[in-house]
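Following: one structure in structure tokens, then a few remarks.
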Amino acid sequence: MDVPESGAAGSGAPNPADGFPAATRERWRELVAGVLRKSGVPEDRLADTPESALATHTYDGFDIEPLYTSDPPAADPGFPGLAPFTRGHRPGGAVPGGWDIRARHTDADPAVLRRRLHADLTNGVGSLWIAVGGTGLPASALGEALTDVYLDLAPVVLDAGADHADAATALLDAHADAGVPDGRIISHLGIDPLTTAALAGERPDVMDPARLAAELARGRPGLGLLAADGRLVHNAGGSEAQELGFAVAAGTAYLRALHAAGLDLPDAARRIEFRLAANADQFGVIAKLRAVRAMWDQVLDASGVPADQRAMRLHAATSEAMMTRRDPHVNMLRTTVACFAAGVGGADAVTVAPFDSAVGLPDDFARRIARNTQSLLIEEAHLARVIDPAGGSFYVEALTRDLYRAGWAFFRELEAAGGAAEAVGHGLLRERVDAVWARRRLDIAHRRAPLTGVSEFPNAEETPLVRPTDPARPPAPVPGGFPVRRYADDYEALRDRSDARAG
């Protein structure tokens, strides 16, 4: 918690602390130690400071303390709109319109997708994130699905994996068919060869996709090209700093590749979109989004990119790992907290997963709730009317600093190993992430990391929700590929076995 200094009231105003003893850290320690002794905490744990008994050790090696004050003073985070962009890349923040509400679609049927795209765009959604290729929507059907979309107003972001070339061609053809000039295209190709190769258990090839992207970028100044997606790490059970380090390492690899393919560095940098996961740890998400902007600013500064061209395009998507199949309506609460944190942390675009997305293909009701979660936070809670609301909080500034340091250290480790592609190809990234997952899985199993509705307060009379299979979600990880792990998997497998035996 944050404790303001005594006498912090404005000049001439009455001081609420007058008449009370001075609030000192030493007195606070005495009071806390007394409570801990009554709670049975051994005296040897209190020998140093009581903070050590209350601190929470993170998977990234630093502690979250029980008390934060202005001593020592936090580093200056700068101003919104100015380097290092910790507080956002726009001086006015998301005021007045809020962030971009981005809806994800994984339907394989173009007629169904067309209807759902129209429903989203007429009910508050600003951009569309569409899975194309593989077992999802065929690239050849993309134009049909986008028939009703005003593509010069509502950008489309592709998630096409290995089919990125066909999907990119189909998307640009759809723009041409809709009469959108090349100079007014604002969509994003979403090419991400690192994630595609990691999930498939293959060695990444970054240069060929970058050459294709650079070729398609000519004459299309608003076209986004590559996506640096840290969710690969998050959804495999990795830590926040690992997610940060990999996302920035991926962005650096793509920056180098686009520059080698002929784009100048500032142009290449602005065509890369970063994507991070937002989970129910609201302060961790806020700090993570603030830290990643400062990390990318450091990379671009070292690359010689002018300060006014070092802003990051940042997309936050609610965590797949935190979603549950059991008691899935609780996911509405998880995604609301995650969305709140993403908005406060300054995400440019936010995607909220429907509450039934871990079960299968979401239905229209779940999609509507996900969409309206964002609209409520923007239009009723007025969350976007304050610029960097967490800025100045002793706790958030300290957490931002600690995540920056840990994320930068992991980024340097990946760079020392040859960069993101080598770290994926040689297994270093998987090794580091698996080590954190082993610890996280143990904490979940021992209920040190509670899962509401699953490990805590389960509904024994629950009738499991049923949904059609999501075509964009593989039934099982590819052997040797990066896994997508949900925290509730082990408990839910246990429940499934119990239900089968009882039935």
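Chain labels A, B, ... are given in the sequence in which chains occur in the structure tokens; within each chain residues are numbered consecutively from 1, and ligands are likewise numbered from 1 in the order shown.
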
Expected answer as a ChimeraX atom specification: alpha helix (DSSP H) residues in segment 65-258 of chain A: /A:110-121,142-145,164-177,193-200,207-217,231-234,240-258

List as a tab-separated table every residue of segment 362-388 of chain A that is in contact with segment 104-112 of chain A, defined as an atom at most 12 Å from one of its atoms (using only C-alpha atoms), together with the nearest atom pair and the distance in Å rounded to one decimal, sorted by chain and then rising number.
```
residue	atom	partner	partner_atom	distance
A:Pro362	CA	A:Thr106	CA	9.1
A:Asp363	CA	A:Asp107	CA	10.6
A:Asp364	CA	A:Val112	CA	10.7
A:Arg367	CA	A:Arg104	CA	9.4
A:Ala370	CA	A:Arg104	CA	10.3
A:Arg371	CA	A:Arg104	CA	10.3
```

Selected residues, N, CA, C and O atoms, written as a PDB file, in the first residue's frame, please.
```pdb
ATOM      1  N   PRO A 362     -16.858 -19.333 -29.015  1.00  0.00           N
ATOM      2  CA  PRO A 362     -17.787 -18.523 -28.212  1.00  0.00           C
ATOM      3  C   PRO A 362     -19.104 -18.274 -28.930  1.00  0.00           C
ATOM      4  O   PRO A 362     -19.161 -18.169 -30.158  1.00  0.00           O
ATOM      5  N   ASP A 363     -20.175 -18.167 -28.143  1.00  0.00           N
ATOM      6  CA  ASP A 363     -21.474 -17.858 -28.732  1.00  0.00           C
ATOM      7  C   ASP A 363     -21.689 -16.345 -28.742  1.00  0.00           C
ATOM      8  O   ASP A 363     -20.869 -15.566 -28.236  1.00  0.00           O
ATOM      9  N   ASP A 364     -22.809 -15.915 -29.308  1.00  0.00           N
ATOM     10  CA  ASP A 364     -23.065 -14.484 -29.474  1.00  0.00           C
ATOM     11  C   ASP A 364     -23.221 -13.767 -28.138  1.00  0.00           C
ATOM     12  O   ASP A 364     -22.792 -12.619 -27.982  1.00  0.00           O
ATOM     13  N   ARG A 367     -19.778 -13.159 -26.670  1.00  0.00           N
ATOM     14  CA  ARG A 367     -19.096 -12.109 -27.426  1.00  0.00           C
ATOM     15  C   ARG A 367     -19.640 -10.736 -27.030  1.00  0.00           C
ATOM     16  O   ARG A 367     -18.892  -9.759 -26.928  1.00  0.00           O
ATOM     17  N   ALA A 370     -18.215  -9.685 -23.663  1.00  0.00           N
ATOM     18  CA  ALA A 370     -16.811  -9.277 -23.808  1.00  0.00           C
ATOM     19  C   ALA A 370     -16.707  -7.880 -24.403  1.00  0.00           C
ATOM     20  O   ALA A 370     -15.893  -7.052 -23.963  1.00  0.00           O
ATOM     21  N   ARG A 371     -17.537  -7.617 -25.398  1.00  0.00           N
ATOM     22  CA  ARG A 371     -17.529  -6.308 -26.055  1.00  0.00           C
ATOM     23  C   ARG A 371     -17.990  -5.217 -25.095  1.00  0.00           C
ATOM     24  O   ARG A 371     -17.369  -4.150 -24.983  1.00  0.00           O
TER      25      ARG A 371
END
```

A:Ala261, A:Ala253, A:Ala417, A:Ala502 ranked by distance to Pro204 of chain A, top pick (using only C-alpha atoms):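 Comparing A:Ala261, A:Ala253, A:Ala417, A:Ala502 against Pro204 of chain A, the winner is A:Ala253.
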
Nearest residue to Asp192 of chain A from the set A:Ala141, A:Ala13, A:Val206, A:Met322 (distances using only C-alpha atoms):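 Closest candidate: A:Val206.
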
Val484 of chain A surroundings by only C-alpha atoms, 8 Å radius, close-in-sequence under 4 positions cut, as a list in words: Leu232, Asn235, Ala236, Ala321 and Pro477 of chain A

Selection near Gly88 of chain A, 9 Å with only C-alpha atoms, sequence-local residues under 2 positions removed, as a list in words: Phe79, Pro80, Gly81, Leu82, Ala83, Pro84, Phe85, Thr86, Arg90, Pro91, Gly92, Gly93, Arg290, Arg293, Ala311, Met312, Gly345, Gly346, Ala347, Ile387 and Asp388 of chain A

Selection to disk with N, CA, C and O atoms, as a PDB file, in the first residue's frame:
```pdb
ATOM      1  N   PHE A  79       7.073  12.290 -18.794  1.00  0.00           N
ATOM      2  CA  PHE A  79       5.747  12.824 -19.064  1.00  0.00           C
ATOM      3  C   PHE A  79       5.051  12.001 -20.137  1.00  0.00           C
ATOM      4  O   PHE A  79       5.707  11.430 -21.015  1.00  0.00           O
ATOM      5  N   PRO A  80       3.728  11.934 -20.110  1.00  0.00           N
ATOM      6  CA  PRO A  80       3.015  11.248 -21.187  1.00  0.00           C
ATOM      7  C   PRO A  80       3.350  11.876 -22.544  1.00  0.00           C
ATOM      8  O   PRO A  80       3.394  13.105 -22.672  1.00  0.00           O
ATOM      9  N   GLY A  81       3.625  11.023 -23.504  1.00  0.00           N
ATOM     10  CA  GLY A  81       3.934  11.507 -24.843  1.00  0.00           C
ATOM     11  C   GLY A  81       5.388  11.787 -25.099  1.00  0.00           C
ATOM     12  O   GLY A  81       5.776  12.126 -26.225  1.00  0.00           O
ATOM     13  N   LEU A  82       6.234  11.644 -24.067  1.00  0.00           N
ATOM     14  CA  LEU A  82       7.661  11.904 -24.225  1.00  0.00           C
ATOM     15  C   LEU A  82       8.457  10.685 -23.767  1.00  0.00           C
ATOM     16  O   LEU A  82       8.012   9.908 -22.917  1.00  0.00           O
ATOM     17  N   ALA A  83       9.672  10.539 -24.350  1.00  0.00           N
ATOM     18  CA  ALA A  83      10.554   9.436 -23.958  1.00  0.00           C
ATOM     19  C   ALA A  83      10.790   9.476 -22.450  1.00  0.00           C
ATOM     20  O   ALA A  83      10.884  10.559 -21.871  1.00  0.00           O
ATOM     21  N   PRO A  84      10.845   8.300 -21.796  1.00  0.00           N
ATOM     22  CA  PRO A  84      10.880   6.940 -22.348  1.00  0.00           C
ATOM     23  C   PRO A  84       9.504   6.312 -22.581  1.00  0.00           C
ATOM     24  O   PRO A  84       9.416   5.097 -22.718  1.00  0.00           O
ATOM     25  N   PHE A  85       8.433   7.099 -22.589  1.00  0.00           N
ATOM     26  CA  PHE A  85       7.085   6.637 -22.904  1.00  0.00           C
ATOM     27  C   PHE A  85       6.513   5.654 -21.876  1.00  0.00           C
ATOM     28  O   PHE A  85       5.568   4.932 -22.172  1.00  0.00           O
ATOM     29  N   THR A  86       7.100   5.649 -20.684  1.00  0.00           N
ATOM     30  CA  THR A  86       6.531   4.837 -19.610  1.00  0.00           C
ATOM     31  C   THR A  86       5.070   5.196 -19.382  1.00  0.00           C
ATOM     32  O   THR A  86       4.231   4.328 -19.136  1.00  0.00           O
ATOM     33  N   ARG A  90       1.124   9.151 -26.107  1.00  0.00           N
ATOM     34  CA  ARG A  90       0.320  10.301 -26.486  1.00  0.00           C
ATOM     35  C   ARG A  90       0.198  11.249 -25.304  1.00  0.00           C
ATOM     36  O   ARG A  90      -0.139  10.817 -24.192  1.00  0.00           O
ATOM     37  N   PRO A  91       0.463  12.552 -25.502  1.00  0.00           N
ATOM     38  CA  PRO A  91       0.371  13.494 -24.374  1.00  0.00           C
ATOM     39  C   PRO A  91      -1.003  13.488 -23.721  1.00  0.00           C
ATOM     40  O   PRO A  91      -1.114  13.685 -22.510  1.00  0.00           O
ATOM     41  N   GLY A  92      -2.055  13.256 -24.505  1.00  0.00           N
ATOM     42  CA  GLY A  92      -3.398  13.253 -23.965  1.00  0.00           C
ATOM     43  C   GLY A  92      -3.905  11.892 -23.569  1.00  0.00           C
ATOM     44  O   GLY A  92      -5.095  11.745 -23.252  1.00  0.00           O
ATOM     45  N   GLY A  93      -3.036  10.885 -23.573  1.00  0.00           N
ATOM     46  CA  GLY A  93      -3.467   9.542 -23.240  1.00  0.00           C
ATOM     47  C   GLY A  93      -4.555   9.061 -24.178  1.00  0.00           C
ATOM     48  O   GLY A  93      -4.545   9.364 -25.374  1.00  0.00           O
ATOM     49  N   ARG A 290       3.576  -0.473 -18.741  1.00  0.00           N
ATOM     50  CA  ARG A 290       4.382   0.744 -18.608  1.00  0.00           C
ATOM     51  C   ARG A 290       5.862   0.435 -18.851  1.00  0.00           C
ATOM     52  O   ARG A 290       6.583   1.209 -19.482  1.00  0.00           O
ATOM     53  N   ARG A 293       7.062  -0.236 -22.743  1.00  0.00           N
ATOM     54  CA  ARG A 293       7.275   0.951 -23.580  1.00  0.00           C
ATOM     55  C   ARG A 293       8.657   1.554 -23.332  1.00  0.00           C
ATOM     56  O   ARG A 293       9.339   1.994 -24.278  1.00  0.00           O
ATOM     57  N   ALA A 311       7.688   5.763 -30.393  1.00  0.00           N
ATOM     58  CA  ALA A 311       6.475   5.289 -29.718  1.00  0.00           C
ATOM     59  C   ALA A 311       6.204   3.834 -30.099  1.00  0.00           C
ATOM     60  O   ALA A 311       6.533   3.375 -31.183  1.00  0.00           O
ATOM     61  N   MET A 312       5.602   3.107 -29.182  1.00  0.00           N
ATOM     62  CA  MET A 312       5.271   1.700 -29.388  1.00  0.00           C
ATOM     63  C   MET A 312       3.775   1.557 -29.641  1.00  0.00           C
ATOM     64  O   MET A 312       2.950   2.145 -28.943  1.00  0.00           O
ATOM     65  N   GLY A 345      -3.016   0.776 -17.867  1.00  0.00           N
ATOM     66  CA  GLY A 345      -1.614   0.675 -18.268  1.00  0.00           C
ATOM     67  C   GLY A 345      -1.293   1.337 -19.581  1.00  0.00           C
ATOM     68  O   GLY A 345      -0.127   1.446 -19.949  1.00  0.00           O
ATOM     69  N   GLY A 346      -2.316   1.771 -20.319  1.00  0.00           N
ATOM     70  CA  GLY A 346      -2.074   2.545 -21.532  1.00  0.00           C
ATOM     71  C   GLY A 346      -2.012   1.751 -22.808  1.00  0.00           C
ATOM     72  O   GLY A 346      -1.370   2.189 -23.774  1.00  0.00           O
ATOM     73  N   ALA A 347      -2.684   0.603 -22.877  1.00  0.00           N
ATOM     74  CA  ALA A 347      -2.722  -0.155 -24.128  1.00  0.00           C
ATOM     75  C   ALA A 347      -3.431   0.658 -25.208  1.00  0.00           C
ATOM     76  O   ALA A 347      -4.426   1.330 -24.938  1.00  0.00           O
ATOM     77  N   ILE A 387      -5.195  10.424 -17.568  1.00  0.00           N
ATOM     78  CA  ILE A 387      -3.956  10.027 -18.239  1.00  0.00           C
ATOM     79  C   ILE A 387      -3.048   9.324 -17.234  1.00  0.00           C
ATOM     80  O   ILE A 387      -2.719   9.885 -16.183  1.00  0.00           O
ATOM     81  N   ASP A 388      -2.659   8.097 -17.535  1.00  0.00           N
ATOM     82  CA  ASP A 388      -1.792   7.297 -16.671  1.00  0.00           C
ATOM     83  C   ASP A 388      -2.260   7.360 -15.218  1.00  0.00           C
ATOM     84  O   ASP A 388      -1.576   7.901 -14.352  1.00  0.00           O
TER      85      ASP A 388
END
```

Spatial neighbours of segment 427-434 of chain A, 7 Å, only C-alpha atoms, chain gap at least 4 places, as number ranges by chain: A: 233, 237-238, 423, 438

Proximity to Gly407 of chain A - best of A:Ala488, A:Ala94, A:Leu361, A:Ala241, only C-alpha atoms: A:Ala241

Proximity to Arg313 of chain A - best of A:Leu113, A:Ala287, A:Leu276, A:Leu333, only C-alpha atoms: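 When distances to Arg313 of chain A are compared using only C-alpha atoms, the smallest one comes from A:Leu276.
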
Near-segment 394-404 of chain A list (10 Å; only C-alpha atoms; drop same-chain fewer than 2 positions) as an MDAnalysis selection string: chainID A and resid 1:4 60:77 86 240:242 244:245 283:295 390:392 406:410

Residues within 6 Å of segment 169-186 of chain A, only C-alpha atoms, excluding chain neighbours under 2 positions, as a PyMOL selection string: chain A and resi 143+155+166-167+220+222-223

Per-residue DSSP, segment 1-145 of chain A, filtered to strand (DSSP E), as a ChimeraX atom specification: /A:56-57,63-64,100-105,127-131

Length of the atom CA of Val157 of chain A to atom CA of Gly190 of chain A vector [Å]: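 Straight-line distance from atom CA of Val157 of chain A to atom CA of Gly190 of chain A works out to 5.9 Å.
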